[in-house]
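Just model_28.tsv here, TSV, C-alpha atoms:
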chain	number	residue	atom	x	y	z
A	1	GLY	CA	-7.72	-12.95	19.36
A	2	GLU	CA	-7.34	-10.64	22.33
A	3	ASN	CA	-10.29	-8.58	23.52
A	4	VAL	CA	-9.86	-5.77	26.03
A	5	GLU	CA	-12.80	-4.15	27.81
A	6	GLN	CA	-12.43	-0.87	29.69
A	7	HIS	CA	-14.71	0.84	32.20
A	8	PRO	CA	-15.95	3.45	32.77
A	9	SER	CA	-16.15	5.29	29.46
A	10	THR	CA	-16.27	8.65	31.25
A	11	LEU	CA	-15.13	9.61	34.73
A	12	SER	CA	-15.60	12.94	36.42
A	13	VAL	CA	-13.69	13.55	39.65
A	14	GLN	CA	-13.10	16.47	41.97
A	15	GLU	CA	-9.56	17.75	42.10
A	16	GLY	CA	-7.70	15.93	44.84
A	17	ASP	CA	-9.87	12.83	44.69
A	18	SER	CA	-8.78	9.47	43.27
A	19	ALA	CA	-9.67	8.00	39.89
A	20	VAL	CA	-9.84	4.30	39.08
A	21	ILE	CA	-10.13	2.76	35.63
A	22	LYS	CA	-10.61	-0.97	35.18
A	23	CYS	CA	-9.82	-3.26	32.26
A	24	THR	CA	-10.28	-6.93	31.53
A	25	TYR	CA	-8.60	-9.01	28.86
A	26	SER	CA	-9.33	-12.38	27.32
A	27	ASP	CA	-6.06	-13.87	26.05
A	28	SER	CA	-4.02	-15.57	28.74
A	29	ALA	CA	-0.97	-15.29	26.44
A	30	SER	CA	-0.90	-11.50	26.88
A	31	ASN	CA	2.02	-10.57	29.08
A	32	TYR	CA	2.45	-6.81	28.88
A	33	PHE	CA	-0.13	-4.23	29.92
A	34	PRO	CA	0.61	-0.57	29.20
A	35	TRP	CA	-1.55	2.44	29.99
A	36	TYR	CA	-1.61	5.40	27.63
A	37	LYS	CA	-2.77	8.96	28.17
A	38	GLN	CA	-3.99	10.94	25.18
A	39	GLU	CA	-4.39	14.68	25.36
A	40	LEU	CA	-6.28	16.66	22.75
A	41	GLY	CA	-4.41	16.85	19.45
A	42	LYS	CA	-1.62	14.58	20.59
A	43	GLY	CA	-0.79	10.93	20.21
A	44	PRO	CA	-1.10	8.41	23.05
A	45	GLN	CA	1.73	8.62	25.56
A	46	LEU	CA	2.77	5.79	27.84
A	47	ILE	CA	2.28	6.67	31.51
A	48	ILE	CA	2.86	3.34	33.21
A	49	ASP	CA	3.07	-0.34	32.31
A	50	ILE	CA	3.10	-3.68	34.07
A	51	ARG	CA	4.34	-7.10	33.10
A	52	SER	CA	2.67	-10.39	33.88
A	53	ASN	CA	5.20	-11.39	36.52
A	54	VAL	CA	4.36	-8.33	38.62
A	55	GLY	CA	1.18	-7.71	40.62
A	56	GLU	CA	1.49	-4.00	41.31
A	57	LYS	CA	3.58	-1.05	40.20
A	58	LYS	CA	3.59	2.53	41.38
A	59	ASP	CA	5.02	5.74	39.97
A	60	GLN	CA	4.31	8.82	42.10
A	61	ARG	CA	0.55	9.43	41.91
A	62	ILE	CA	-0.08	6.62	39.44
A	63	ALA	CA	-0.36	2.93	40.22
A	64	VAL	CA	-1.38	-0.13	38.26
A	65	THR	CA	-2.49	-3.51	39.58
A	66	LEU	CA	-2.69	-6.78	37.68
A	67	ASN	CA	-4.61	-9.93	38.54
A	68	LYS	CA	-3.58	-12.59	36.01
A	69	THR	CA	-5.92	-15.20	37.39
A	70	ALA	CA	-8.95	-12.99	36.92
A	71	LYS	CA	-7.49	-11.35	33.78
A	72	HIS	CA	-8.03	-7.82	34.92
A	73	PHE	CA	-5.86	-4.79	35.57
A	74	SER	CA	-6.57	-1.34	36.91
A	75	LEU	CA	-5.14	2.17	36.86
A	76	HIS	CA	-5.27	4.26	40.00
A	77	ILE	CA	-4.58	8.00	40.00
A	78	THR	CA	-4.41	9.64	43.41
A	79	GLU	CA	-4.64	13.34	44.28
A	80	THR	CA	-5.95	14.17	40.83
A	81	GLN	CA	-5.06	17.49	39.25
A	82	PRO	CA	-6.61	19.39	36.31
A	83	GLU	CA	-3.72	18.32	34.08
A	84	ASP	CA	-4.79	14.70	34.58
A	85	SER	CA	-7.82	15.44	32.40
A	86	ALA	CA	-7.40	13.37	29.22
A	87	VAL	CA	-8.45	10.11	27.58
A	88	TYR	CA	-6.82	7.06	29.11
A	89	PHE	CA	-6.40	3.78	27.26
A	90	CYS	CA	-5.47	0.42	28.66
A	91	ALA	CA	-3.90	-2.15	26.36
A	92	ALA	CA	-2.69	-5.72	26.31
A	93	THR	CA	-0.09	-7.22	24.07
A	94	ASP	CA	1.64	-10.45	23.23
A	95	SER	CA	5.26	-11.12	22.36
A	96	TRP	CA	5.06	-9.30	19.01
A	97	GLY	CA	4.05	-6.02	20.53
A	98	LYS	CA	0.69	-5.73	18.77
A	99	LEU	CA	-1.41	-3.64	21.13
A	100	GLN	CA	-5.07	-4.43	21.73
A	101	PHE	CA	-6.63	-1.31	23.25
A	102	GLY	CA	-9.62	-0.77	25.44
A	103	ALA	CA	-12.22	1.75	24.28
A	104	GLY	CA	-10.79	4.55	26.40
A	105	THR	CA	-11.91	6.52	29.45
A	106	GLN	CA	-12.48	10.27	29.27
A	107	VAL	CA	-11.32	11.63	32.63
A	108	VAL	CA	-12.41	15.11	33.63
A	109	VAL	CA	-10.93	16.63	36.78
A	110	THR	CA	-12.98	19.54	38.04
A	111	PRO	CA	-11.43	22.20	40.31
B	1	GLU	CA	16.05	12.80	19.99
B	2	ALA	CA	13.17	13.28	17.56
B	3	GLY	CA	10.01	11.34	18.29
B	4	VAL	CA	7.69	9.63	15.84
B	5	THR	CA	6.48	12.14	13.28
B	6	GLN	CA	3.51	11.86	11.01
B	7	PHE	CA	2.50	13.85	7.93
B	8	PRO	CA	0.12	15.42	7.27
B	9	SER	CA	-1.50	16.21	10.61
B	10	HIS	CA	-4.86	16.64	8.93
B	11	SER	CA	-6.22	15.70	5.50
B	12	VAL	CA	-9.63	16.32	4.00
B	13	ILE	CA	-10.36	14.49	0.75
B	14	GLU	CA	-13.37	13.59	-1.33
B	15	LYS	CA	-14.70	10.08	-1.57
B	16	GLY	CA	-12.91	8.23	-4.33
B	17	GLN	CA	-9.68	10.19	-4.05
B	18	THR	CA	-6.33	8.86	-2.94
B	19	VAL	CA	-4.45	9.85	0.20
B	20	THR	CA	-0.99	8.88	1.38
B	21	LEU	CA	-0.02	9.15	5.01
B	22	ARG	CA	3.59	9.12	6.09
B	23	CYS	CA	5.28	8.05	9.30
B	24	ASP	CA	8.87	8.62	10.32
B	25	PRO	CA	9.72	6.37	13.27
B	26	ILE	CA	12.34	6.99	15.88
B	27	SER	CA	15.75	6.32	14.38
B	28	GLY	CA	16.92	2.77	15.07
B	29	HIS	CA	13.46	1.39	15.80
B	30	ASP	CA	12.96	-1.73	13.71
B	31	ASN	CA	9.32	-2.13	14.69
B	32	LEU	CA	6.71	0.15	13.16
B	33	TYR	CA	2.98	-0.14	13.75
B	34	TRP	CA	-0.06	1.54	12.21
B	35	TYR	CA	-3.26	1.99	14.21
B	36	ARG	CA	-6.55	3.75	13.57
B	37	ARG	CA	-9.17	5.30	15.81
B	38	VAL	CA	-12.56	5.72	14.21
B	39	MET	CA	-15.38	7.89	15.60
B	40	GLY	CA	-14.23	7.90	19.24
B	41	LYS	CA	-13.99	4.13	19.41
B	42	GLU	CA	-11.00	2.11	20.48
B	43	ILE	CA	-7.65	2.38	18.77
B	44	LYS	CA	-7.40	-0.57	16.41
B	45	PHE	CA	-4.30	-2.28	15.08
B	46	LEU	CA	-3.75	-2.18	11.33
B	47	LEU	CA	-0.31	-3.68	10.72
B	48	HIS	CA	3.21	-4.24	11.98
B	49	PHE	CA	6.51	-3.91	10.13
B	50	VAL	CA	9.78	-5.40	11.30
B	51	LYS	CA	12.31	-3.41	9.32
B	52	GLU	CA	10.93	-3.50	5.76
B	53	SER	CA	8.92	-6.72	6.17
B	54	LYS	CA	5.26	-6.97	7.08
B	55	GLN	CA	5.11	-9.08	10.23
B	56	ASP	CA	1.36	-8.85	10.70
B	57	GLU	CA	-1.20	-7.13	8.50
B	58	SER	CA	-4.25	-8.81	9.97
B	59	GLY	CA	-5.86	-5.50	10.87
B	60	MET	CA	-5.88	-3.97	7.39
B	61	PRO	CA	-9.56	-3.39	6.55
B	62	ASN	CA	-9.44	-4.25	2.86
B	63	ASN	CA	-7.33	-4.03	-0.30
B	64	ARG	CA	-7.92	-0.29	-0.61
B	65	PHE	CA	-5.22	0.12	2.04
B	66	LEU	CA	-1.57	-0.35	1.09
B	67	ALA	CA	1.32	0.07	3.49
B	68	GLU	CA	4.98	0.16	2.59
B	69	ARG	CA	8.23	0.62	4.42
B	70	THR	CA	10.94	0.82	1.83
B	71	GLY	CA	14.43	0.40	3.23
B	72	GLY	CA	13.08	-0.15	6.69
B	73	THR	CA	12.96	3.54	7.53
B	74	TYR	CA	9.83	5.64	7.03
B	75	SER	CA	6.48	4.10	6.17
B	76	THR	CA	3.57	5.18	4.03
B	77	LEU	CA	-0.07	4.16	4.23
B	78	LYS	CA	-2.05	4.75	1.07
B	79	VAL	CA	-5.82	4.65	0.86
B	80	GLN	CA	-7.14	4.29	-2.68
B	81	PRO	CA	-9.95	4.96	-3.34
B	82	ALA	CA	-11.01	6.51	-0.05
B	83	GLU	CA	-14.48	5.82	1.34
B	84	LEU	CA	-16.46	7.72	3.98
B	85	GLU	CA	-15.87	5.00	6.59
B	86	ASP	CA	-12.11	5.51	6.30
B	87	SER	CA	-12.40	8.76	8.24
B	88	GLY	CA	-10.61	8.68	11.55
B	89	VAL	CA	-7.27	9.32	13.19
B	90	TYR	CA	-4.38	7.20	11.96
B	91	PHE	CA	-1.55	6.67	14.41
B	92	CYS	CA	1.90	5.34	13.79
B	93	ALA	CA	4.05	3.91	16.58
B	94	SER	CA	7.57	2.56	16.73
B	95	SER	CA	9.53	0.48	19.20
B	96	GLN	CA	13.01	-0.88	19.54
B	97	GLY	CA	11.88	-4.35	20.59
B	98	THR	CA	8.55	-6.11	20.45
B	99	GLY	CA	6.46	-7.46	23.34
B	100	GLY	CA	7.12	-5.72	26.62
B	101	THR	CA	8.84	-2.78	24.98
B	102	GLU	CA	7.44	0.73	25.04
B	103	ALA	CA	5.82	1.82	21.81
B	104	PHE	CA	6.14	5.53	21.02
B	105	PHE	CA	3.26	7.12	19.15
B	106	GLY	CA	3.16	9.95	16.67
B	107	GLN	CA	0.60	12.74	16.97
B	108	GLY	CA	-1.63	11.10	14.39
B	109	THR	CA	-3.13	12.08	11.04
B	110	ARG	CA	-6.78	13.06	11.13
B	111	LEU	CA	-8.33	11.88	7.86
B	112	THR	CA	-11.72	13.20	6.86
B	113	VAL	CA	-13.38	11.76	3.78
B	114	VAL	CA	-16.32	13.83	2.52

Could you express the structure from this file as structure tokens?
Amino acid sequence: GENVEQHPSTLSVQEGDSAVIKCTYSDSASNYFPWYKQELGKGPQLIIDIRSNVGEKKDQRIAVTLNKTAKHFSLHITETQPEDSAVYFCAATDSWGKLQFGAGTQVVVTP
Amino acid sequence: EAGVTQFPSHSVIEKGQTVTLRCDPISGHDNLYWYRRVMGKEIKFLLHFVKESKQDESGMPNNRFLAERTGGTYSTLKVQPAELEDSGVYFCASSQGTGGTEAFFGQGTRLTVV
């Protein structure tokens, strides 16, 4: 089955700096890679996703890159703000939509 | 439009008791998933319904867990009898399609077994 590894487990950044979270996956059949943000007391919320026929996608301060050959994908957050503080999860899924999550990254943005 | 809602938000029960969690998906979403996050670890898949049918229940830990989705609308997840290791946050998600379609998550039910 699919195995997703995520690094780092915690990330502390100064406000305004960039944050990068990296994930690797094992199953070459995976074709959809969403990123979720979870704030305290809430459920995971999709922030950006990428499909296997795309190498990079950007949405304002958030970008995701995918390297299918190497089986890794990354989340980039630029100009971080305090409200970016949360736990971020990467995930990979096959055609049935079953999500295999990484272990999560606790991001803390300090003013 | 209402999102995915879960009840209760928090449940504390004694070992050996029974607990039933409920999930109301977004209206019209045929796909409903249950996930669990235990002790700050990764969110793990439990099972997937397509309408009222179980498409994949490979993540269910053991036969103490029973999930149902009568009529293809809301779903329940019953744990009987509960054990200490069942403590965690149980998430429900729904989606209109399957792979490549956004899954919307509920706020979760925090289950504590003492």

> Could you state the separation of atom CA of A:Arg51 and atom CA of A:Ser74 in Å, given to one decimal place?
Replying inline: 12.9 Å

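Using all atoms listed in the file, the shortest contact distance between A:Glu5 and any of A:Ala19, A:Ile50, A:Thr24, A:Lys57 is found at A:Thr24.
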
Any chance you could tabulate, as CSV, the residues of chain A at most 8 Å from chain B with each one's nearest atom pair and distance in Å to one decimal, using all atoms listed in the file, in chain and rising number order?
residue,atom,partner,partner_atom,distance
A:Asn31,CA,B:Gly100,CA,7.5
A:Tyr32,CA,B:Gly100,CA,5.3
A:Gly41,CA,B:Gln107,CA,6.9
A:Lys42,CA,B:Gln107,CA,4.6
A:Gly43,CA,B:Gln107,CA,4.0
A:Pro44,CA,B:Phe105,CA,6.0
A:Gln45,CA,B:Phe105,CA,6.8
A:Leu46,CA,B:Glu102,CA,7.4
A:Arg51,CA,B:Gly100,CA,7.2
A:Thr93,CA,B:Gly99,CA,6.6
A:Asp94,CA,B:Gly99,CA,5.7
A:Ser95,CA,B:Gly99,CA,4.0
A:Trp96,CA,B:Gly99,CA,4.9
A:Gly97,CA,B:Gly99,CA,4.0
A:Lys98,CA,B:Phe45,CA,7.1
A:Leu99,CA,B:Phe45,CA,6.8
A:Gln100,CA,B:Lys44,CA,7.0
A:Phe101,CA,B:Ile43,CA,5.9
A:Gly102,CA,B:Glu42,CA,5.9
A:Ala103,CA,B:Glu42,CA,4.0
A:Gly104,CA,B:Glu42,CA,6.4

Would you save the residues from that selection as an mmCIF file, keeping the file's coordinate frame, using C-alpha atoms?
data_model
loop_
_atom_site.group_PDB
_atom_site.id
_atom_site.type_symbol
_atom_site.label_atom_id
_atom_site.label_comp_id
_atom_site.auth_asym_id
_atom_site.auth_seq_id
_atom_site.Cartn_x
_atom_site.Cartn_y
_atom_site.Cartn_z
ATOM 1 C CA ASN A 31 2.020 -10.570 29.080
ATOM 2 C CA TYR A 32 2.450 -6.810 28.880
ATOM 3 C CA GLY A 41 -4.410 16.850 19.450
ATOM 4 C CA LYS A 42 -1.620 14.580 20.590
ATOM 5 C CA GLY A 43 -0.790 10.930 20.210
ATOM 6 C CA PRO A 44 -1.100 8.410 23.050
ATOM 7 C CA GLN A 45 1.730 8.620 25.560
ATOM 8 C CA LEU A 46 2.770 5.790 27.840
ATOM 9 C CA ARG A 51 4.340 -7.100 33.100
ATOM 10 C CA THR A 93 -0.090 -7.220 24.070
ATOM 11 C CA ASP A 94 1.640 -10.450 23.230
ATOM 12 C CA SER A 95 5.260 -11.120 22.360
ATOM 13 C CA TRP A 96 5.060 -9.300 19.010
ATOM 14 C CA GLY A 97 4.050 -6.020 20.530
ATOM 15 C CA LYS A 98 0.690 -5.730 18.770
ATOM 16 C CA LEU A 99 -1.410 -3.640 21.130
ATOM 17 C CA GLN A 100 -5.070 -4.430 21.730
ATOM 18 C CA PHE A 101 -6.630 -1.310 23.250
ATOM 19 C CA GLY A 102 -9.620 -0.770 25.440
ATOM 20 C CA ALA A 103 -12.220 1.750 24.280
ATOM 21 C CA GLY A 104 -10.790 4.550 26.400
#

>> Given the point (-10.1, 1.5, 30.7) in the file's coordinates, find the residues that have an atom at most 7 Å from it, counting only C-alpha atoms, and give them as a ChimeraX atom specification.
In response: /A:5-8,21-23,88-90,102-105

Taking all listed atoms of stretch 58-61 of chain A, build the axis-aligned box, pad each of the six sides by 5 Å, then write its centre and edge lengths in Å to one decimal as JSON.
{"center_x": 2.8, "center_y": 6.0, "center_z": 41.0, "size_x": 14.5, "size_y": 16.9, "size_z": 12.1}
